[in-house]
>>> print(open('query05.cif').read())   # mmCIF, C-alpha atoms
data_run
loop_
_atom_site.label_atom_id
_atom_site.label_comp_id
_atom_site.auth_asym_id
_atom_site.auth_seq_id
_atom_site.Cartn_x
_atom_site.Cartn_y
_atom_site.Cartn_z
CA MET X 58 -9.32 -29.96 19.46
CA GLY X 59 -9.54 -27.07 21.93
CA VAL X 60 -8.76 -23.48 21.11
CA LEU X 61 -5.42 -22.12 22.30
CA THR X 62 -5.36 -18.60 23.74
CA LEU X 63 -2.24 -16.73 24.76
CA ASP X 64 -3.95 -14.43 27.20
CA ALA X 65 -7.25 -12.84 28.08
CA PRO X 66 -9.12 -11.15 25.20
CA GLY X 67 -7.95 -7.62 24.53
CA SER X 68 -4.66 -8.02 26.40
CA ARG X 69 -1.26 -7.48 24.83
CA VAL X 70 1.69 -9.86 25.11
CA ALA X 71 5.20 -8.43 24.92
CA GLU X 72 7.23 -9.66 21.95
CA SER X 73 10.02 -10.95 24.22
CA ASP X 74 7.46 -12.95 26.28
CA PHE X 75 5.65 -14.36 23.24
CA PRO X 76 7.97 -17.36 22.47
CA ARG X 77 8.02 -18.50 26.13
CA ARG X 78 4.25 -18.48 26.44
CA LEU X 79 3.81 -20.18 23.09
CA THR X 80 6.28 -22.91 24.09
CA ALA X 81 4.40 -23.46 27.34
CA LEU X 82 1.13 -23.86 25.45
CA VAL X 83 2.57 -26.22 22.83
CA ALA X 84 4.40 -28.50 25.28
CA PRO X 85 1.31 -30.41 26.54
CA LEU X 86 0.07 -31.10 23.01
CA SER X 87 0.32 -34.48 21.41
CA LEU X 88 2.53 -35.13 18.42
CA GLU X 89 -0.45 -35.09 16.05
CA LEU X 90 -1.54 -31.67 17.28
CA ARG X 91 2.01 -30.37 16.95
CA ILE X 92 2.15 -31.59 13.36
CA GLN X 93 -1.12 -29.83 12.59
CA LEU X 94 0.20 -26.64 14.18
CA VAL X 95 3.40 -26.76 12.13
CA SER X 96 1.36 -27.37 8.95
CA ALA X 97 -0.88 -24.38 9.68
CA VAL X 98 2.14 -22.16 10.36
CA ALA X 99 3.80 -23.30 7.14
CA VAL X 100 0.67 -22.50 5.12
CA THR X 101 0.50 -19.05 6.75
CA LEU X 102 4.14 -18.41 5.87
CA ILE X 103 3.58 -19.45 2.26
CA ASP X 104 0.53 -17.20 1.93
CA ALA X 105 2.36 -14.24 3.50
CA ALA X 106 5.36 -14.74 1.21
CA ASP X 107 3.09 -14.94 -1.84
CA ARG X 108 1.29 -11.71 -0.90
CA GLU X 109 4.57 -9.92 -0.30
CA ARG X 110 5.92 -11.17 -3.65
CA ARG X 111 2.88 -9.87 -5.55
CA HIS X 112 3.05 -6.46 -3.89
CA ARG X 113 6.81 -6.24 -4.55
CA ILE X 114 6.22 -7.02 -8.24
CA ALA X 115 3.57 -4.29 -8.40
CA GLU X 116 5.98 -1.77 -6.86
CA LEU X 117 8.73 -2.67 -9.33
CA ASN X 118 6.38 -2.29 -12.30
CA LEU X 119 5.14 1.16 -11.25
CA GLU X 120 8.10 2.92 -12.90
CA GLN X 121 8.04 0.94 -16.15
CA ARG X 122 7.58 2.84 -19.40
CA GLY X 123 5.81 0.65 -21.95
CA LYS X 124 5.35 -3.11 -21.96
CA LYS X 125 7.79 -4.30 -24.63
CA SER X 126 10.81 -4.53 -22.32
CA TRP X 127 11.45 -4.28 -18.57
CA HIS X 128 14.07 -1.72 -17.54
CA LEU X 129 15.91 -1.19 -14.27
CA PRO X 130 14.27 0.80 -11.44
CA PRO X 131 15.40 4.44 -11.12
CA VAL X 132 18.44 5.29 -8.99
CA LYS X 133 19.64 8.47 -7.27
CA LEU X 134 23.38 8.19 -8.07
CA THR X 135 25.17 7.34 -11.30
CA PRO X 136 27.91 4.66 -11.33
CA ALA X 137 30.43 7.52 -11.09
CA GLY X 138 28.79 8.78 -7.87
CA ARG X 139 27.13 11.80 -9.47
CA PRO X 140 23.56 12.64 -8.36
CA VAL X 141 21.16 11.88 -11.19
CA ALA X 142 19.22 15.07 -10.49
CA THR X 143 22.28 17.18 -11.38
CA VAL X 144 22.52 15.84 -14.95
CA PRO X 145 21.08 18.61 -17.19
CA CYS X 146 18.32 17.84 -19.66
CA TRP X 147 19.11 18.09 -23.32
CA PRO X 148 18.02 21.13 -25.38
CA GLY X 149 15.92 18.99 -27.71
CA ARG X 150 16.56 16.20 -30.21
CA GLN X 151 17.65 18.33 -33.17
CA ALA X 152 19.49 20.88 -31.00
CA TRP X 153 21.42 18.08 -29.27
CA LEU X 154 22.43 16.57 -32.60
CA ARG X 155 23.68 20.00 -33.69
CA ASP X 156 25.72 20.16 -30.47
CA VAL X 157 27.18 16.73 -31.29
CA ALA X 158 28.16 17.87 -34.77
CA ALA X 159 29.76 21.05 -33.38
CA ALA X 160 31.68 19.07 -30.77
CA LEU X 161 33.00 16.60 -33.37
CA ASP X 162 34.52 19.51 -35.32
CA THR X 163 36.84 20.44 -32.44
CA ASP X 164 40.46 19.33 -32.14
CA SER X 165 39.85 17.58 -28.83
CA ALA X 166 37.14 15.39 -30.37
CA THR X 167 39.47 14.51 -33.24
CA ARG X 168 42.18 13.39 -30.80
CA ILE X 169 39.64 11.31 -28.85
CA ARG X 170 38.40 9.60 -32.00
CA GLN X 171 41.86 8.84 -33.29
CA SER X 172 43.60 7.81 -30.06
CA ASN X 173 40.99 5.91 -28.07
CA ALA X 174 38.05 4.85 -30.18
CA LYS X 175 39.48 5.00 -33.74
CA VAL X 176 36.10 5.76 -35.24
CA ALA X 177 35.01 8.20 -37.94
CA ALA X 178 33.03 11.34 -37.13
CA ALA X 179 30.18 10.18 -39.39
CA THR X 180 29.93 6.93 -37.41
CA VAL X 181 29.76 8.82 -34.10
CA LEU X 182 27.04 11.06 -35.53
CA ALA X 183 25.05 8.01 -36.69
CA VAL X 184 25.36 6.46 -33.23
CA ALA X 185 24.22 9.74 -31.66
CA THR X 186 21.20 9.85 -33.98
CA ALA X 187 20.18 6.34 -32.95
CA HIS X 188 20.49 7.23 -29.25
CA ALA X 189 18.46 10.41 -29.77
CA HIS X 190 15.70 8.41 -31.46
CA PHE X 191 15.09 6.27 -28.36
CA ALA X 192 15.58 9.03 -25.74
CA GLU X 193 12.67 10.80 -24.08
CA THR X 194 11.73 13.86 -26.12
CA ARG X 195 11.36 16.30 -23.23
CA THR X 196 14.41 15.47 -21.08
CA GLY X 197 16.73 13.29 -23.18
CA ARG X 198 16.72 10.61 -20.49
CA HIS X 199 15.31 7.07 -20.25
CA MET X 200 17.41 5.87 -23.20
CA VAL X 201 17.25 2.14 -22.40
CA ALA X 202 17.61 0.61 -25.86
CA SER X 203 20.02 -2.32 -26.11
CA LEU X 204 23.18 -2.33 -28.23
CA ALA X 205 21.53 -4.67 -30.73
CA THR X 206 18.56 -2.31 -31.12
CA LEU X 207 20.86 0.69 -31.58
CA ALA X 208 22.97 -1.19 -34.12
CA LYS X 209 19.88 -2.13 -36.12
CA ARG X 210 18.60 1.45 -36.04
CA SER X 211 21.92 2.99 -37.14
CA GLU X 212 22.79 0.13 -39.57
CA LEU X 213 26.14 -0.33 -37.83
CA SER X 214 27.79 -3.17 -35.97
CA ILE X 215 27.57 -3.52 -32.20
CA ASP X 216 31.31 -2.84 -31.95
CA GLN X 217 30.91 0.44 -33.87
CA VAL X 218 28.04 1.44 -31.56
CA ARG X 219 30.25 0.75 -28.53
CA ARG X 220 33.10 2.87 -29.91
CA GLY X 221 30.77 5.73 -30.89
CA ARG X 222 29.17 5.66 -27.44
CA ARG X 223 32.67 5.81 -25.91
CA VAL X 224 33.41 9.03 -27.80
CA LEU X 225 30.10 10.61 -26.76
CA ARG X 226 30.71 9.61 -23.16
CA THR X 227 34.22 11.12 -23.17
CA LEU X 228 32.92 14.38 -24.66
CA GLY X 229 30.28 14.59 -21.90
CA LEU X 230 27.36 14.34 -24.33
CA LEU X 231 26.27 11.01 -22.86
CA VAL X 232 25.96 10.08 -19.16
CA ASP X 233 25.41 6.54 -17.86
CA LEU X 234 22.72 6.75 -15.18
CA GLN X 235 23.06 3.02 -14.43
CA LEU X 236 24.82 0.14 -16.14
CA GLY X 237 23.05 -2.86 -17.59
CA ARG X 238 23.09 -6.06 -15.54
CA ARG X 239 21.41 -9.40 -15.03
CA LEU X 240 18.05 -9.28 -13.27
CA THR X 241 17.40 -10.73 -9.84
CA GLY X 242 14.78 -13.40 -9.23
CA ILE X 243 12.01 -11.00 -8.22
CA GLU X 244 12.89 -8.68 -11.13
CA ILE X 245 12.60 -11.58 -13.59
CA GLN X 246 9.14 -12.32 -12.19
CA ALA X 247 8.18 -8.63 -12.49
CA ALA X 248 9.37 -8.59 -16.12
CA ARG X 249 7.35 -11.73 -16.89
CA HIS X 250 4.29 -10.16 -15.26
CA LEU X 251 4.78 -6.99 -17.35
CA HIS X 252 5.22 -8.36 -20.88
CA GLY X 253 4.58 -12.11 -20.61
CA HIS X 254 7.96 -13.57 -21.56
CA THR X 255 11.18 -14.33 -19.71
CA GLN X 256 13.77 -11.53 -19.53
CA THR X 257 17.03 -12.18 -17.68
CA GLY X 258 18.92 -8.93 -18.30
CA ALA X 259 18.31 -5.19 -18.68
CA ALA X 260 20.18 -2.62 -20.78
CA SER X 261 21.95 0.45 -19.43
CA GLU X 262 19.97 3.61 -18.77
CA ILE X 263 21.54 6.63 -20.48
CA ALA X 264 20.88 10.37 -20.39
CA LEU X 265 21.77 12.61 -23.33
CA THR X 266 22.98 16.05 -22.27
CA THR X 267 25.07 19.00 -23.39
CA PRO X 268 27.90 20.24 -21.12
CA ALA X 269 28.49 23.96 -20.79
CA ARG X 270 31.76 23.94 -22.76
CA ILE X 271 29.98 22.45 -25.79
CA ALA X 272 26.92 24.68 -25.38
CA ALA X 273 29.33 27.63 -25.70
CA LEU X 274 30.11 26.49 -29.26
CA ARG X 275 26.57 27.30 -30.42
CA PRO X 276 26.42 30.25 -32.84
CA LYS X 277 25.19 33.43 -31.20
CA PRO X 278 22.15 35.13 -32.78
CA ALA X 279 23.01 38.01 -35.10
CA PRO X 280 22.41 41.49 -33.60
CA ARG X 281 19.48 43.45 -34.90
CA SER X 282 20.32 46.11 -37.44
CA ALA X 283 19.77 49.79 -36.76
CA SER X 284 16.92 49.92 -39.29
CA ASP X 285 15.07 47.10 -37.53
CA THR X 286 14.15 48.99 -34.36
CA SER X 287 10.43 49.39 -34.89
CA ALA X 288 7.99 47.57 -32.69
CA PRO X 289 5.82 44.83 -34.18
CA LEU X 290 2.55 45.73 -35.77
CA SER X 291 -0.62 44.94 -33.81
CA PRO X 292 -4.32 45.28 -34.69
CA LEU X 293 -4.28 48.63 -32.85
CA GLY X 294 -1.17 50.01 -34.44
CA PHE X 295 2.49 50.21 -33.36
CA PHE X 296 3.74 49.63 -29.79
CA SER X 297 6.63 51.69 -28.55
CA GLY X 298 9.73 50.03 -27.14
CA SER X 299 9.02 51.36 -23.63
CA GLU X 300 5.51 49.87 -23.68
CA LEU X 301 6.83 46.48 -24.73
CA ALA X 302 9.47 46.56 -21.96
CA LYS X 303 6.81 47.52 -19.41
CA ASN X 304 4.59 44.65 -20.53
CA ARG X 305 7.47 42.20 -20.24
CA ARG X 306 8.28 43.40 -16.69
CA THR X 307 4.62 43.02 -15.71
CA GLN X 308 4.50 39.47 -17.06
CA ARG X 309 7.70 38.50 -15.21
CA LYS X 310 6.32 39.86 -11.92
CA LYS X 311 3.06 37.98 -12.47
CA ARG X 312 4.90 34.70 -13.12
CA ALA X 313 7.10 35.19 -10.05
CA THR X 314 4.05 35.85 -7.84
CA THR X 315 2.29 32.78 -9.20
CA ASN X 316 5.32 30.57 -8.61
CA GLN X 317 5.65 31.80 -5.03
CA THR X 318 2.01 31.16 -4.08
CA THR X 319 1.56 27.78 -5.77
CA THR X 320 2.56 24.71 -3.76
CA PRO X 321 3.40 21.71 -5.97
CA ARG X 322 1.77 18.42 -5.13
CA PRO X 323 4.06 15.60 -3.95
CA ILE X 324 5.42 13.36 -6.69
CA SER X 325 4.21 10.25 -4.86
CA LEU X 326 0.64 11.65 -4.78
CA GLN X 327 0.71 12.42 -8.51
CA ARG X 328 2.14 8.98 -9.36
CA VAL X 329 -0.41 7.08 -7.25
CA THR X 330 -3.27 9.14 -8.72
CA ALA X 331 -2.15 8.51 -12.29
CA GLU X 332 -1.77 4.77 -11.63
CA LEU X 333 -5.21 4.61 -9.97
CA VAL X 334 -6.83 6.41 -12.91
CA SER X 335 -5.23 3.99 -15.39
CA LYS X 336 -6.42 0.96 -13.38
CA SER X 337 -9.99 2.15 -12.67
CA ARG X 338 -12.77 2.01 -15.22
CA GLY X 339 -14.59 5.30 -15.64
CA LEU X 340 -11.95 7.49 -14.00
CA ASP X 341 -9.75 7.46 -17.12
CA GLN X 342 -12.29 9.21 -19.34
CA THR X 343 -10.45 12.51 -18.96
CA ALA X 344 -7.14 10.95 -20.03
CA LYS X 345 -8.75 9.21 -23.02
CA TYR X 346 -10.49 12.43 -24.05
CA LEU X 347 -7.29 14.43 -23.90
CA LYS X 348 -5.39 11.77 -25.84
CA LYS X 349 -7.96 11.65 -28.63
CA THR X 350 -8.91 15.30 -29.00
CA CYS X 351 -5.95 17.49 -28.04
CA HIS X 352 -4.37 17.93 -31.48
CA LEU X 353 -3.14 21.07 -33.12
CA ASP X 354 -5.69 20.96 -35.93
CA ALA X 355 -8.65 19.44 -34.07
CA ALA X 356 -11.35 21.32 -32.23
CA ARG X 357 -12.43 20.22 -28.78
CA PRO X 358 -16.07 19.18 -28.49
CA SER X 359 -17.94 21.09 -25.81
CA THR X 360 -19.90 18.06 -24.56
CA ALA X 361 -16.97 16.39 -22.70
CA PRO X 362 -15.58 18.56 -19.86
CA VAL X 363 -11.84 18.40 -19.27
CA ARG X 364 -10.78 17.76 -15.65
CA HIS X 365 -7.17 18.08 -14.58
CA LEU X 366 -5.61 15.15 -12.75
CA GLY X 367 -4.82 17.50 -9.87
CA ALA X 368 -8.48 17.48 -8.79
CA LEU X 369 -8.26 13.73 -8.20
CA CYS X 370 -4.94 14.26 -6.38
CA ASP X 371 -6.71 16.62 -3.99
CA VAL X 372 -9.47 14.04 -3.42
CA ILE X 373 -6.93 11.35 -2.45
CA ALA X 374 -5.09 13.77 -0.16
CA ALA X 375 -8.36 14.86 1.48
CA ALA X 376 -9.24 11.22 2.20
CA GLY X 377 -6.15 10.99 4.42
CA ILE X 378 -4.30 8.46 2.28
CA ASP X 379 -0.52 8.40 2.79
CA THR X 380 0.78 7.86 -0.73
CA GLU X 381 4.26 7.15 0.61
CA ARG X 382 2.82 3.90 2.08
CA PHE X 383 -0.26 3.10 -0.02
CA THR X 384 0.20 2.28 -3.71
CA ALA X 385 -2.42 2.54 -6.44
CA GLU X 386 -2.90 -1.23 -6.31
CA HIS X 387 -3.57 -1.06 -2.56
CA ILE X 388 -6.26 1.60 -3.10
CA LYS X 389 -7.82 -0.25 -6.05
CA ASP X 390 -7.92 -3.56 -4.13
CA ALA X 391 -9.57 -1.86 -1.13
CA LEU X 392 -12.21 -0.22 -3.34
CA ASP X 393 -12.91 -3.50 -5.16
CA LEU X 394 -13.28 -5.38 -1.85
CA ASP X 395 -15.65 -2.71 -0.50
CA GLY X 396 -17.65 -2.93 -3.72
CA ARG X 397 -18.00 -6.71 -3.52
CA ARG X 398 -19.11 -6.53 0.10
CA ASN X 399 -21.71 -3.81 -0.55
CA GLY X 400 -22.84 -4.67 -4.08
CA LEU X 401 -21.04 -1.76 -5.78
CA SER X 402 -19.29 -1.87 -9.14
CA TRP X 403 -17.32 0.51 -11.32
CA PRO X 404 -19.69 2.14 -13.85
CA ASP X 405 -18.61 2.31 -17.47
CA ARG X 406 -19.12 6.06 -17.51
CA ILE X 407 -18.80 8.45 -14.54
CA ALA X 408 -20.30 11.91 -15.00
CA ASN X 409 -18.29 13.42 -12.15
CA PRO X 410 -15.17 11.32 -11.39
CA THR X 411 -14.03 13.69 -8.62
CA LYS X 412 -17.18 13.39 -6.51
CA TYR X 413 -17.52 9.66 -7.21
CA LEU X 414 -13.96 8.94 -6.08
CA ALA X 415 -14.39 11.12 -2.98
CA TRP X 416 -17.55 9.19 -2.07
CA ARG X 417 -15.90 5.78 -2.54
CA LEU X 418 -12.75 6.73 -0.62
CA GLY X 419 -14.75 8.32 2.22
CA ARG X 420 -16.39 4.97 2.96
CA LEU X 421 -13.08 3.40 4.05
CA ASP X 422 -10.58 3.90 6.87
CA TRP X 423 -7.07 4.63 5.55
CA THR X 424 -5.33 5.00 8.92
CA GLY X 425 -4.51 1.30 9.32
CA PRO X 426 -1.55 -0.64 7.96
CA THR X 427 -1.13 -1.31 4.25
CA PRO X 428 -1.42 -4.86 2.80
CA THR X 429 2.36 -4.98 2.52
CA GLU X 430 2.77 -4.02 6.18
CA ARG X 431 0.17 -6.59 7.24
CA ALA X 432 1.90 -9.30 5.21
CA THR X 433 5.25 -8.46 6.83
CA ALA X 434 3.70 -8.57 10.33
CA ASP X 435 1.98 -11.92 9.57
CA ARG X 436 5.25 -13.37 8.34
CA GLU X 437 7.13 -12.26 11.45
CA ARG X 438 4.47 -13.70 13.77
CA ALA X 439 4.42 -16.97 11.84
CA GLN X 440 8.21 -17.22 12.01
CA LEU X 441 8.10 -16.70 15.79
CA ALA X 442 5.44 -19.39 16.14
CA LEU X 443 7.42 -21.81 13.97
CA ARG X 444 10.63 -21.26 15.94
CA ALA X 445 8.79 -21.76 19.22
CA ALA X 446 7.06 -24.94 17.96
CA THR X 447 10.25 -26.49 16.63
CA ALA X 448 12.21 -25.57 19.80
CA SER X 449 9.86 -27.53 22.12
CA SER X 450 11.25 -30.89 23.21
CA GLY X 451 9.40 -34.13 22.47
CA PRO X 452 9.89 -37.77 21.56
CA ALA X 453 11.25 -38.63 18.14
CA ALA X 454 8.56 -39.32 15.55
CA SER X 455 8.19 -42.79 14.10
CA ALA X 456 8.11 -43.62 10.40
CA GLU X 457 4.29 -43.85 10.44
CA GLN X 458 4.01 -40.48 12.17
CA ARG X 459 6.31 -38.82 9.63
CA THR X 460 4.27 -40.29 6.78
CA LEU X 461 1.07 -38.98 8.36
CA ALA X 462 2.67 -35.54 8.83
CA ARG X 463 3.70 -35.35 5.17
CA GLN X 464 0.17 -36.27 4.08
CA GLN X 465 -1.38 -33.61 6.33
CA PHE X 466 1.08 -31.01 5.09
CA ALA X 467 0.29 -31.85 1.46
CA GLU X 468 -3.45 -31.61 2.16
CA ALA X 469 -2.97 -28.22 3.86
CA LEU X 470 -1.01 -26.89 0.87
CA LEU X 471 -3.65 -28.16 -1.58
CA SER X 472 -6.41 -26.54 0.49
CA SER X 473 -4.56 -23.21 0.52
CA LYS X 474 -4.05 -23.37 -3.25
CA ARG X 475 -7.75 -24.04 -3.81
CA ARG X 476 -8.68 -21.06 -1.64
CA ARG X 477 -6.40 -18.78 -3.65
CA THR X 478 -7.85 -20.12 -6.91
CA ARG X 479 -11.41 -19.45 -5.75
CA ALA X 480 -10.42 -15.93 -4.65
CA VAL X 481 -8.97 -15.18 -8.09
CA GLU X 482 -12.12 -16.51 -9.82
CA ILE X 483 -14.33 -14.32 -7.60
CA GLN X 484 -12.26 -11.25 -8.48
#
>>> encode(input="query05.cif", output="structure tokens")
Amino acid sequence: MGVLTLDAPGSRVAESDFPRRLTALVAPLSLELRIQLVSAVAVTLIDAADRERRHRIAELNLEQRGKKSWHLPPVKLTPAGRPVATVPCWPGRQAWLRDVAAALDTDSATRIRQSNAKVAAATVLAVATAHAHFAETRTGRHMVASLATLAKRSELSIDQVRRGRRVLRTLGLLVDLQLGRRLTGIEIQAARHLHGHTQTGAASEIALTTPARIAALRPKPAPRSASDTSAPLSPLGFFSGSELAKNRRTQRKKRATTNQTTTPRPISLQRVTAELVSKSRGLDQTAKYLKKTCHLDAARPSTAPVRHLGALCDVIAAAGIDTERFTAEHIKDALDLDGRRNGLSWPDRIANPTKYLAWRLGRLDWTGPTPTERATADRERAQLALRAATASSGPAASAEQRTLARQQFAEALLSSKRRRTRAVEIQ
């Protein structure tokens, strides 16, 4: 069979002219050649859809915290239309529970409990304690535990948890960032890829916060007595009050100058760098060292230098990688492919991860399209080719020709599956 060309090598065909030229080229072909063309286009579409599905699953799993349960992707607006960024963080687990107890002592909380929820204050406090246990320690957000988990933790029924949550929500101590729902098809696949079992629904995401009217109920610190006006004792003696005030002003000016001259790195760059470090062998030695040795009562060994993740962020930025388009999986796949082609592998231990990553990234060109963009372009071209092939007129196929076409299509699918299997084994 001859080779079909749309135009001279190196020339460009306008997208509006592409279907007409393709139809003109397909028209002289026999029915057998048309069937083979349709089979090849179908295989290309299947491969493009599979690549896009895998990259979409990887993007959905980037924001997951832990592997026991899959939670909903982050949103920018709450169900009530409030920007998520405007929800204040909590003051801390114990401080927030003290705010809950203070709020429950007010008359308004008593009316809410008796009129709407009909739940005791002790039950609300137990529900709040269970929510605080599963919330993120630093911000009070990412509380994604289900009602059954909260009921088991608080030793209450699910109905009591619902009523206690209703009171906290009315008092403003609890904000629903997004409501629980059933997962879509691609989200179910992402959940199965994350933890290995089928998950069809996700719980609500909740933020624990303290509104200003409840924060005003906190007891104010007692004023210092007249006899307690001396400055603290230091190894060099007593400091005067004016010296302490001068030192505080100097420290505030220094912090303000530092904040003005420091430019924060983009969140996307930090996220991609952290994901790449977790996926790459040898680059995660710094993270493992910090996790094992940074304790309050443990001394750091001097043999393992500590490198901040920001140095690797600067390496990725210097390589010209657009982290808004390229994900950590894209970068890792490109490095692995370059290693297989040139006989390189990830060492178990890297003495200088920064220089090693800069060397590996500098070998590649990051100005082209991402795998996701290439898959989308391949799918669009294949769809155009399929529409043009099916639109061409021709005689109706006989029963024998249809049987032959089904056999060729099945053989093409089997061949594509074998190629993907061999590619996975090579990786």
>>> resolve_selection(input="query05.cif", expression="the PyMOL selection byres ((chain X and resi 423-430) around 8)", output="MDAnalysis selection string")
chainID X and resid 108:109 112 376:378 382:383 387 421:422 431:434
>>> resolve_selection(input="query05.cif", expression="the PyMOL selection byres ((chain X and resi 165-181) around 12)", output="ChimeraX atom specification")
/X:154,157-164,182-188,208,211-231,270-271
>>> residues_around(input="query05.cif", residues="X:Asp405", least_positions_apart="3", cutoff="10 Å", atoms="all atoms listed in the file", output="PyMOL selection string")
chain X and resi 337-340+342+402
>>> closest_residue(input="query05.cif", among="X:Gly149, X:Arg198, X:Glu193, X:Thr135", to="X:Leu234", atoms="only C-alpha atoms")
X:Thr135
>>> residues_around(input="query05.cif", residues="X:Ser261", least_positions_apart="2", cutoff="6 Å", atoms="only C-alpha atoms", output="list in words")
Val201, Gln235, Leu236 and Gly237 of chain X
>>> write_last_selection(input="query05.cif", atoms="C-alpha atoms", output="PDB file, in the frame of the given file")
ATOM      1  CA  VAL X 201      17.250   2.140 -22.400  1.00  0.00           C
ATOM      2  CA  GLN X 235      23.060   3.020 -14.430  1.00  0.00           C
ATOM      3  CA  LEU X 236      24.820   0.140 -16.140  1.00  0.00           C
ATOM      4  CA  GLY X 237      23.050  -2.860 -17.590  1.00  0.00           C
TER       5      GLY X 237
END
>>> closest_residue(input="query05.cif", among="X:Ser87, X:Gln256, X:Thr196, X:Gln93", to="X:Trp127", atoms="all atoms listed in the file")
X:Gln256
>>> atom_distance(input="query05.cif", atom1="atom CA of X:Ile388", atom2="atom CA of X:Ile407")
18.3 Å
